[in-house]
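*Asks:* Supplied structure: structure35.cif, mmCIF, N, CA and C atoms.
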data_structure
#
loop_
_atom_site.label_atom_id
_atom_site.label_comp_id
_atom_site.auth_asym_id
_atom_site.auth_seq_id
_atom_site.Cartn_x
_atom_site.Cartn_y
_atom_site.Cartn_z
N MET N 1 129.47 108.78 75.98
CA MET N 1 128.55 108.27 76.98
C MET N 1 129.30 108.14 78.29
N ASN N 2 128.71 108.71 79.35
CA ASN N 2 129.40 108.66 80.63
C ASN N 2 129.08 107.37 81.39
N THR N 3 129.76 107.17 82.49
CA THR N 3 129.64 105.94 83.26
C THR N 3 128.24 105.78 83.86
N GLN N 4 127.66 106.86 84.35
CA GLN N 4 126.32 106.80 84.95
C GLN N 4 125.29 106.32 83.94
N MET N 5 125.37 106.82 82.73
CA MET N 5 124.41 106.42 81.69
C MET N 5 124.59 104.94 81.35
N LEU N 6 125.82 104.50 81.27
CA LEU N 6 126.10 103.10 80.97
C LEU N 6 125.56 102.19 82.08
N ILE N 7 125.74 102.60 83.33
CA ILE N 7 125.22 101.82 84.46
C ILE N 7 123.69 101.75 84.38
N CYS N 8 123.03 102.86 84.07
CA CYS N 8 121.56 102.89 83.96
C CYS N 8 121.08 101.96 82.85
N ILE N 9 121.76 101.98 81.72
CA ILE N 9 121.37 101.12 80.60
C ILE N 9 121.55 99.64 80.97
N VAL N 10 122.66 99.31 81.61
CA VAL N 10 122.90 97.92 82.01
C VAL N 10 121.84 97.47 83.02
N LEU N 11 121.54 98.32 84.02
CA LEU N 11 120.52 97.97 85.00
C LEU N 11 119.15 97.79 84.33
N PHE N 12 118.85 98.64 83.37
CA PHE N 12 117.58 98.56 82.65
C PHE N 12 117.48 97.24 81.88
N VAL N 13 118.54 96.87 81.19
CA VAL N 13 118.54 95.62 80.42
C VAL N 13 118.43 94.41 81.34
N VAL N 14 119.17 94.42 82.45
CA VAL N 14 119.10 93.31 83.41
C VAL N 14 117.69 93.21 84.01
N MET N 15 117.09 94.37 84.30
CA MET N 15 115.73 94.38 84.84
C MET N 15 114.75 93.79 83.83
N LEU N 16 114.84 94.19 82.57
CA LEU N 16 113.96 93.66 81.53
C LEU N 16 114.11 92.15 81.36
N VAL N 17 115.35 91.68 81.36
CA VAL N 17 115.59 90.24 81.23
C VAL N 17 114.96 89.50 82.41
N ASN N 18 115.11 90.04 83.61
CA ASN N 18 114.52 89.41 84.79
C ASN N 18 112.99 89.42 84.72
N PHE N 19 112.40 90.51 84.22
CA PHE N 19 110.95 90.55 84.05
C PHE N 19 110.50 89.47 83.08
N LEU N 20 111.23 89.32 81.98
CA LEU N 20 110.85 88.33 80.97
C LEU N 20 111.03 86.90 81.45
N LEU N 21 112.07 86.64 82.22
CA LEU N 21 112.31 85.28 82.74
C LEU N 21 111.33 84.91 83.85
N ALA N 22 110.85 85.90 84.57
CA ALA N 22 109.85 85.74 85.63
C ALA N 22 110.26 84.71 86.69
N ARG N 23 111.52 84.68 87.03
CA ARG N 23 111.99 83.76 88.07
C ARG N 23 111.87 84.37 89.47
N LEU N 24 111.81 85.69 89.50
CA LEU N 24 111.67 86.41 90.77
C LEU N 24 110.37 87.21 90.73
N PRO N 25 109.79 87.50 91.89
CA PRO N 25 108.60 88.35 91.90
C PRO N 25 108.92 89.75 91.35
N LEU N 26 107.93 90.37 90.71
CA LEU N 26 108.14 91.68 90.10
C LEU N 26 108.58 92.73 91.12
N GLY N 27 108.03 92.67 92.33
CA GLY N 27 108.40 93.62 93.36
C GLY N 27 109.86 93.52 93.76
N VAL N 28 110.38 92.30 93.80
CA VAL N 28 111.78 92.09 94.15
C VAL N 28 112.68 92.68 93.07
N ILE N 29 112.33 92.44 91.82
CA ILE N 29 113.13 92.97 90.70
C ILE N 29 113.10 94.49 90.71
N ALA N 30 111.90 95.06 90.84
CA ALA N 30 111.77 96.52 90.82
C ALA N 30 112.48 97.15 92.01
N GLY N 31 112.31 96.57 93.20
CA GLY N 31 112.95 97.12 94.39
C GLY N 31 114.47 97.03 94.33
N THR N 32 114.97 95.91 93.84
CA THR N 32 116.42 95.74 93.70
C THR N 32 116.98 96.74 92.69
N THR N 33 116.29 96.90 91.58
CA THR N 33 116.75 97.85 90.57
C THR N 33 116.75 99.27 91.12
N ALA N 34 115.69 99.63 91.85
CA ALA N 34 115.62 100.97 92.44
C ALA N 34 116.77 101.17 93.44
N ALA N 35 117.03 100.16 94.27
CA ALA N 35 118.12 100.27 95.24
C ALA N 35 119.47 100.39 94.55
N LEU N 36 119.67 99.63 93.48
CA LEU N 36 120.94 99.71 92.74
C LEU N 36 121.10 101.06 92.05
N LEU N 37 120.01 101.64 91.58
CA LEU N 37 120.09 102.97 90.97
C LEU N 37 120.54 104.01 92.00
N VAL N 38 120.07 103.87 93.23
CA VAL N 38 120.48 104.80 94.29
C VAL N 38 121.92 104.53 94.71
N LEU N 39 122.28 103.25 94.90
CA LEU N 39 123.64 102.90 95.34
C LEU N 39 124.70 103.29 94.32
N THR N 40 124.38 103.20 93.04
CA THR N 40 125.36 103.56 92.02
C THR N 40 125.37 105.06 91.73
N GLY N 41 124.48 105.81 92.35
CA GLY N 41 124.46 107.26 92.17
C GLY N 41 123.75 107.73 90.92
N CYS N 42 122.98 106.86 90.29
CA CYS N 42 122.25 107.26 89.08
C CYS N 42 121.08 108.17 89.41
N THR N 43 120.50 108.00 90.57
CA THR N 43 119.39 108.85 91.01
C THR N 43 119.44 108.99 92.52
N GLU N 44 118.65 109.89 93.04
CA GLU N 44 118.61 110.09 94.49
C GLU N 44 117.45 109.30 95.09
N ALA N 45 117.60 108.96 96.35
CA ALA N 45 116.57 108.18 97.03
C ALA N 45 115.25 108.94 97.10
N LYS N 46 115.32 110.25 97.29
CA LYS N 46 114.07 111.02 97.41
C LYS N 46 113.29 111.02 96.09
N THR N 47 113.98 110.90 94.97
CA THR N 47 113.29 110.83 93.67
C THR N 47 112.49 109.55 93.57
N ILE N 48 113.09 108.44 93.95
CA ILE N 48 112.40 107.15 93.88
C ILE N 48 111.29 107.08 94.92
N LEU N 49 111.57 107.49 96.13
CA LEU N 49 110.56 107.43 97.18
C LEU N 49 109.42 108.40 96.92
N GLY N 50 109.70 109.52 96.28
CA GLY N 50 108.65 110.48 95.94
C GLY N 50 107.70 109.94 94.90
N SER N 51 108.19 109.07 94.03
CA SER N 51 107.34 108.49 92.98
C SER N 51 106.46 107.37 93.51
N ILE N 52 106.88 106.70 94.56
CA ILE N 52 106.11 105.57 95.09
C ILE N 52 104.77 106.03 95.65
N GLY N 53 104.76 107.14 96.33
CA GLY N 53 103.53 107.61 96.96
C GLY N 53 102.78 108.65 96.16
N SER N 54 103.05 108.77 94.87
CA SER N 54 102.36 109.79 94.08
C SER N 54 100.89 109.42 93.90
N ALA N 55 100.09 110.39 93.56
CA ALA N 55 98.65 110.17 93.40
C ALA N 55 98.36 109.15 92.30
N ASN N 56 99.12 109.19 91.22
CA ASN N 56 98.89 108.24 90.13
C ASN N 56 99.18 106.80 90.56
N THR N 57 100.25 106.60 91.29
CA THR N 57 100.61 105.27 91.76
C THR N 57 99.54 104.72 92.70
N VAL N 58 99.09 105.55 93.61
CA VAL N 58 98.05 105.12 94.55
C VAL N 58 96.75 104.82 93.81
N THR N 59 96.38 105.64 92.83
CA THR N 59 95.16 105.41 92.06
C THR N 59 95.23 104.11 91.29
N ILE N 60 96.33 103.87 90.60
CA ILE N 60 96.48 102.64 89.82
C ILE N 60 96.46 101.43 90.73
N GLY N 61 97.17 101.49 91.84
CA GLY N 61 97.17 100.37 92.79
C GLY N 61 95.78 100.10 93.35
N SER N 62 95.06 101.15 93.67
CA SER N 62 93.69 101.00 94.20
C SER N 62 92.77 100.38 93.15
N MET N 63 92.91 100.79 91.91
CA MET N 63 92.05 100.26 90.86
C MET N 63 92.35 98.79 90.57
N ILE N 64 93.61 98.39 90.69
CA ILE N 64 93.97 96.98 90.51
C ILE N 64 93.34 96.15 91.63
N ILE N 65 93.38 96.65 92.84
CA ILE N 65 92.77 95.95 93.97
C ILE N 65 91.25 95.88 93.80
N LEU N 66 90.64 96.99 93.34
CA LEU N 66 89.20 97.01 93.10
C LEU N 66 88.79 96.00 92.04
N ALA N 67 89.53 95.95 90.93
CA ALA N 67 89.20 95.02 89.85
C ALA N 67 89.36 93.57 90.31
N ALA N 68 90.41 93.29 91.06
CA ALA N 68 90.63 91.92 91.54
C ALA N 68 89.54 91.51 92.53
N GLY N 69 89.17 92.42 93.42
CA GLY N 69 88.12 92.12 94.38
C GLY N 69 86.76 91.95 93.72
N LEU N 70 86.45 92.82 92.78
CA LEU N 70 85.17 92.75 92.08
C LEU N 70 85.08 91.47 91.25
N GLY N 71 86.21 91.04 90.69
CA GLY N 71 86.23 89.82 89.90
C GLY N 71 85.95 88.57 90.72
N ARG N 72 86.15 88.64 92.03
CA ARG N 72 85.93 87.47 92.89
C ARG N 72 84.49 87.40 93.43
N THR N 73 83.70 88.41 93.15
CA THR N 73 82.32 88.40 93.60
C THR N 73 81.42 87.83 92.51
N SER N 74 80.13 87.73 92.81
CA SER N 74 79.18 87.24 91.81
C SER N 74 78.65 88.35 90.92
N PHE N 75 79.06 89.59 91.18
CA PHE N 75 78.56 90.72 90.41
C PHE N 75 78.80 90.59 88.90
N PRO N 76 80.05 90.30 88.46
CA PRO N 76 80.27 90.19 87.00
C PRO N 76 79.43 89.10 86.34
N SER N 77 79.27 87.97 87.02
CA SER N 77 78.49 86.89 86.40
C SER N 77 77.01 87.25 86.34
N ARG N 78 76.50 87.98 87.34
CA ARG N 78 75.10 88.42 87.30
C ARG N 78 74.88 89.43 86.18
N VAL N 79 75.81 90.36 86.02
CA VAL N 79 75.70 91.33 84.94
C VAL N 79 75.80 90.63 83.58
N THR N 80 76.69 89.65 83.48
CA THR N 80 76.83 88.89 82.23
C THR N 80 75.54 88.14 81.90
N ALA N 81 74.91 87.57 82.92
CA ALA N 81 73.65 86.86 82.68
C ALA N 81 72.58 87.80 82.14
N VAL N 82 72.52 89.01 82.69
CA VAL N 82 71.56 90.01 82.21
C VAL N 82 71.90 90.42 80.77
N ILE N 83 73.18 90.64 80.51
CA ILE N 83 73.60 91.02 79.16
C ILE N 83 73.30 89.90 78.17
N ARG N 84 73.60 88.67 78.56
CA ARG N 84 73.35 87.53 77.66
C ARG N 84 71.86 87.39 77.34
N LYS N 85 71.03 87.57 78.36
CA LYS N 85 69.59 87.48 78.15
C LYS N 85 69.10 88.61 77.24
N ALA N 86 69.61 89.82 77.46
CA ALA N 86 69.18 90.97 76.66
C ALA N 86 69.65 90.87 75.21
N THR N 87 70.82 90.25 74.99
CA THR N 87 71.37 90.15 73.63
C THR N 87 71.03 88.84 72.95
N LYS N 88 70.31 87.97 73.65
CA LYS N 88 69.91 86.66 73.11
C LYS N 88 71.10 85.83 72.63
N GLY N 89 72.22 85.90 73.39
CA GLY N 89 73.38 85.07 73.09
C GLY N 89 74.28 85.58 71.99
N ASN N 90 74.13 86.83 71.57
CA ASN N 90 74.96 87.41 70.51
C ASN N 90 76.17 88.09 71.16
N TYR N 91 77.38 87.56 70.88
CA TYR N 91 78.59 88.10 71.51
C TYR N 91 78.84 89.56 71.15
N LYS N 92 78.65 89.91 69.90
CA LYS N 92 78.92 91.30 69.48
C LYS N 92 78.01 92.29 70.20
N LEU N 93 76.75 91.92 70.37
CA LEU N 93 75.85 92.79 71.13
C LEU N 93 76.21 92.81 72.61
N ALA N 94 76.67 91.67 73.14
CA ALA N 94 77.11 91.62 74.53
C ALA N 94 78.33 92.51 74.73
N TYR N 95 79.24 92.47 73.76
CA TYR N 95 80.43 93.33 73.83
C TYR N 95 80.01 94.79 73.79
N LEU N 96 79.06 95.10 72.93
CA LEU N 96 78.54 96.46 72.86
C LEU N 96 77.91 96.86 74.20
N GLY N 97 77.24 95.92 74.85
CA GLY N 97 76.65 96.19 76.17
C GLY N 97 77.71 96.56 77.19
N VAL N 98 78.82 95.84 77.18
CA VAL N 98 79.90 96.15 78.12
C VAL N 98 80.53 97.51 77.77
N LEU N 99 80.67 97.80 76.50
CA LEU N 99 81.18 99.11 76.09
C LEU N 99 80.24 100.23 76.56
N LEU N 100 78.96 100.00 76.48
CA LEU N 100 78.00 101.00 76.96
C LEU N 100 78.10 101.18 78.47
N ILE N 101 78.29 100.06 79.18
CA ILE N 101 78.51 100.17 80.63
C ILE N 101 79.76 100.99 80.91
N ALA N 102 80.84 100.71 80.17
CA ALA N 102 82.09 101.46 80.36
C ALA N 102 81.88 102.94 80.02
N LEU N 103 81.14 103.21 78.96
CA LEU N 103 80.86 104.60 78.58
C LEU N 103 80.08 105.31 79.68
N LEU N 104 79.08 104.64 80.21
CA LEU N 104 78.29 105.22 81.29
C LEU N 104 79.16 105.48 82.52
N LEU N 105 79.99 104.50 82.87
CA LEU N 105 80.88 104.67 84.02
C LEU N 105 81.89 105.79 83.81
N THR N 106 82.41 105.89 82.59
CA THR N 106 83.39 106.93 82.28
C THR N 106 82.76 108.32 82.40
N SER N 107 81.50 108.44 82.02
CA SER N 107 80.86 109.75 82.11
C SER N 107 80.46 110.09 83.54
N MET N 108 80.26 109.07 84.38
CA MET N 108 79.86 109.33 85.77
C MET N 108 81.05 109.49 86.71
N LEU N 109 82.12 108.74 86.47
CA LEU N 109 83.28 108.77 87.35
C LEU N 109 84.33 109.73 86.82
N THR N 110 85.11 110.28 87.71
CA THR N 110 86.15 111.23 87.29
C THR N 110 87.40 110.54 86.77
N SER N 111 87.56 109.26 87.09
CA SER N 111 88.77 108.55 86.69
C SER N 111 88.44 107.46 85.68
N PRO N 112 89.05 107.51 84.48
CA PRO N 112 88.87 106.41 83.54
C PRO N 112 89.39 105.09 84.09
N MET N 113 90.39 105.15 84.96
CA MET N 113 90.92 103.92 85.58
C MET N 113 89.85 103.25 86.44
N ALA N 114 89.05 104.05 87.14
CA ALA N 114 87.98 103.47 87.96
C ALA N 114 86.93 102.80 87.08
N ALA N 115 86.59 103.44 85.98
CA ALA N 115 85.62 102.85 85.05
C ALA N 115 86.15 101.55 84.49
N TYR N 116 87.41 101.52 84.12
CA TYR N 116 88.01 100.31 83.58
C TYR N 116 88.08 99.22 84.64
N ALA N 117 88.38 99.59 85.88
CA ALA N 117 88.48 98.59 86.95
C ALA N 117 87.13 97.93 87.21
N ILE N 118 86.04 98.62 86.94
CA ILE N 118 84.71 98.03 87.11
C ILE N 118 84.32 97.23 85.88
N ALA N 119 84.63 97.76 84.69
CA ALA N 119 84.24 97.09 83.44
C ALA N 119 85.11 95.86 83.14
N PHE N 120 86.34 95.85 83.60
CA PHE N 120 87.28 94.76 83.33
C PHE N 120 86.76 93.39 83.77
N PRO N 121 86.32 93.22 85.03
CA PRO N 121 85.82 91.90 85.44
C PRO N 121 84.54 91.50 84.70
N ILE N 122 83.72 92.48 84.35
CA ILE N 122 82.50 92.17 83.59
C ILE N 122 82.88 91.64 82.22
N MET N 123 83.86 92.27 81.57
CA MET N 123 84.30 91.81 80.25
C MET N 123 84.93 90.43 80.34
N ASP N 124 85.69 90.17 81.42
CA ASP N 124 86.26 88.82 81.63
C ASP N 124 85.15 87.78 81.70
N SER N 125 84.10 88.10 82.43
CA SER N 125 82.98 87.18 82.59
C SER N 125 82.27 86.95 81.25
N VAL N 126 82.10 88.02 80.47
CA VAL N 126 81.48 87.89 79.14
C VAL N 126 82.34 87.00 78.24
N CYS N 127 83.64 87.21 78.27
CA CYS N 127 84.55 86.40 77.45
C CYS N 127 84.48 84.92 77.85
N ASP N 128 84.47 84.66 79.15
CA ASP N 128 84.37 83.28 79.62
C ASP N 128 83.04 82.65 79.20
N GLU N 129 81.97 83.42 79.32
CA GLU N 129 80.64 82.92 78.98
C GLU N 129 80.52 82.58 77.50
N PHE N 130 81.13 83.39 76.63
CA PHE N 130 81.01 83.20 75.19
C PHE N 130 82.18 82.43 74.59
N GLY N 131 83.18 82.07 75.41
CA GLY N 131 84.32 81.31 74.91
C GLY N 131 85.24 82.11 74.00
N VAL N 132 85.39 83.39 74.29
CA VAL N 132 86.24 84.28 73.49
C VAL N 132 87.50 84.58 74.29
N SER N 133 88.62 84.72 73.59
CA SER N 133 89.88 85.05 74.24
C SER N 133 89.77 86.41 74.92
N ARG N 134 90.20 86.46 76.18
CA ARG N 134 90.14 87.72 76.93
C ARG N 134 90.99 88.81 76.30
N SER N 135 92.14 88.44 75.76
CA SER N 135 93.04 89.45 75.19
C SER N 135 92.43 90.15 73.99
N LYS N 136 91.59 89.47 73.24
CA LYS N 136 90.95 90.09 72.08
C LYS N 136 89.91 91.12 72.48
N ALA N 137 89.37 90.99 73.68
CA ALA N 137 88.32 91.90 74.11
C ALA N 137 88.84 93.00 75.04
N GLN N 138 89.85 92.71 75.83
CA GLN N 138 90.27 93.68 76.85
C GLN N 138 90.97 94.90 76.28
N PHE N 139 91.80 94.72 75.26
CA PHE N 139 92.52 95.88 74.72
C PHE N 139 91.58 96.93 74.15
N PRO N 140 90.63 96.55 73.28
CA PRO N 140 89.71 97.58 72.79
C PRO N 140 88.88 98.22 73.90
N LEU N 141 88.52 97.43 74.91
CA LEU N 141 87.77 97.99 76.03
C LEU N 141 88.62 98.99 76.79
N HIS N 142 89.88 98.68 76.99
CA HIS N 142 90.78 99.58 77.69
C HIS N 142 90.98 100.87 76.91
N VAL N 143 91.13 100.77 75.61
CA VAL N 143 91.30 101.96 74.77
C VAL N 143 90.05 102.82 74.86
N HIS N 144 88.89 102.19 74.84
CA HIS N 144 87.64 102.94 74.92
C HIS N 144 87.50 103.62 76.30
N SER N 145 87.78 102.87 77.37
CA SER N 145 87.58 103.41 78.72
C SER N 145 88.54 104.54 79.03
N GLY N 146 89.68 104.56 78.37
CA GLY N 146 90.67 105.59 78.63
C GLY N 146 90.38 106.91 77.95
N ARG N 147 89.38 106.94 77.05
CA ARG N 147 89.07 108.16 76.32
C ARG N 147 88.12 109.00 77.13
N LYS N 148 88.31 110.28 77.09
CA LYS N 148 87.44 111.22 77.81
C LYS N 148 86.85 112.18 76.84
#
How does this structure look as structure tokens?
*Replies:*
Amino acid sequence: MNTQMLICIVLFVVMLVNFLLARLPLGVIAGTTAALLVLTGCTEAKTILGSIGSANTVTIGSMIILAAGLGRTSFPSRVTAVIRKATKGNYKLAYLGVLLIALLLTSMLTSPMAAYAIAFPIMDSVCDEFGVSRSKAQFPLHVHSGRK
């Protein structure tokens, strides 16, 4: 094992420990790690900077902003009220309703990430309304929305 590989592994482990401890913001940890990878010669600056502005990074960032913004509006709660009324208070049918919304969005939109960013706040609202843990509902929804 050469020195460069050892440096990369050490930086990776230190980065993971810092992520787990959560004492610093994620951006500070990621930026510091990226800078150290360049300073130690493990990678070139153009490789890191080229990845920051890639289409995937911009799409994911945009979808996170869309989901956060949509979650702050009254739209998810209004949709949840309609779903609750249509399902007569049955959580499983309400969950199926959100899955159908995600399916419809996935077939209409070109990006599964966009469909998930719209369905995510609705599912959060359904979980809050029915008193169900968000983590139990979001993973299956994400797996479904990611399928094409």
*Asks:* Of the candidates N:Leu100, N:Val28, N:Leu70, N:Met108, which one gets nearest to Ile122 in chain N if we count all atoms listed in the file?
*Replies:*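 Counting all atoms listed in the file, the residue closest to Ile122 in chain N is N:Leu70.
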*Asks:* Rounded to one decimal place, report the CA of Val14 in chain N-CA of Ala30 in chain N distance in Å.
*Replies:*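 Computed distance, CA of Val14 in chain N to CA of Ala30 in chain N, equals 10.9 Å.
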*Asks:* Selection in question (the file shown): the PyMOL selection byres (((chain N and resi 15 and name CA) around 12) and name CA). Which residues does it include, as a list of chain:residue names?
*Replies:*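 Applying the expression gives N:Cys8, N:Ile9, N:Val10, N:Leu11, N:Phe12, N:Val13, N:Val14, N:Leu16, N:Val17, N:Asn18, N:Phe19, N:Leu20, N:Leu21, N:Ala22, N:Arg23, N:Leu24, N:Pro25, N:Leu26, N:Gly27, N:Val28, N:Ile29, N:Ala30, N:Gly31, N:Thr32, N:Thr33, N:Ala34, N:Leu36, N:Leu37.
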*Asks:* I need the alpha helix (DSSP H) residues of chain N per DSSP on the backbone, written as a PyMOL selection string.
*Replies:* chain N and resi 3-21+26-39+45-52+55-71+75-87+91-108+112-130+134-145
*Asks:* For the file shown, what are the residues hit by the PyMOL selection byres ((chain N and resi 67) around 8), laid out as a list in words?
*Replies:*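 On the file shown, the PyMOL selection byres ((chain N and resi 67) around 8) covers Gly61, Ser62, Met63, Ile64, Ile65, Leu66, Ala68, Gly69, Leu70, Gly71, Arg72, Tyr116, Ala117, Ile118, Ala119, Phe120 and Pro121 of chain N.
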*Asks:* Which residues match the PyMOL selection byres (((chain N and resi 88-97 and name CA) around 10) and name CA) in the file above, as a list in words?
*Replies:*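 On this input, the PyMOL selection byres (((chain N and resi 88-97 and name CA) around 10) and name CA) captures Thr80, Ala81, Val82, Ile83, Arg84, Lys85, Ala86, Thr87, Val98, Leu99, Leu100, Ile101, Ala102, Leu103, Met123, Val126, Cys127, Glu129, Phe130, Gly131, Val132, Ala137 and Leu141 of chain N.
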*Asks:* Mind working out the centre and edge lengths of an axis-aligned box for range 96-115 of chain N, all listed atoms inside, 5 Å added to each side, rounded to one decimal in Å and written as JSON?
*Replies:*
{"center_x": 83.8, "center_y": 103.2, "center_z": 80.4, "size_x": 24.3, "size_y": 26.1, "size_z": 25.1}
*Asks:* Kindly give the distance, in Å, that separates CA of Gln138 in chain N and atom N of Asp124 in chain N, rounded to a single decimal.
*Replies:* 7.4 Å
*Asks:* Which distance in Å separates CA of Gly53 in chain N and CA of Pro112 in chain N, to one decimal?
*Replies:*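 For CA of Gly53 in chain N relative to CA of Pro112 in chain N, the distance reads 19.9 Å.
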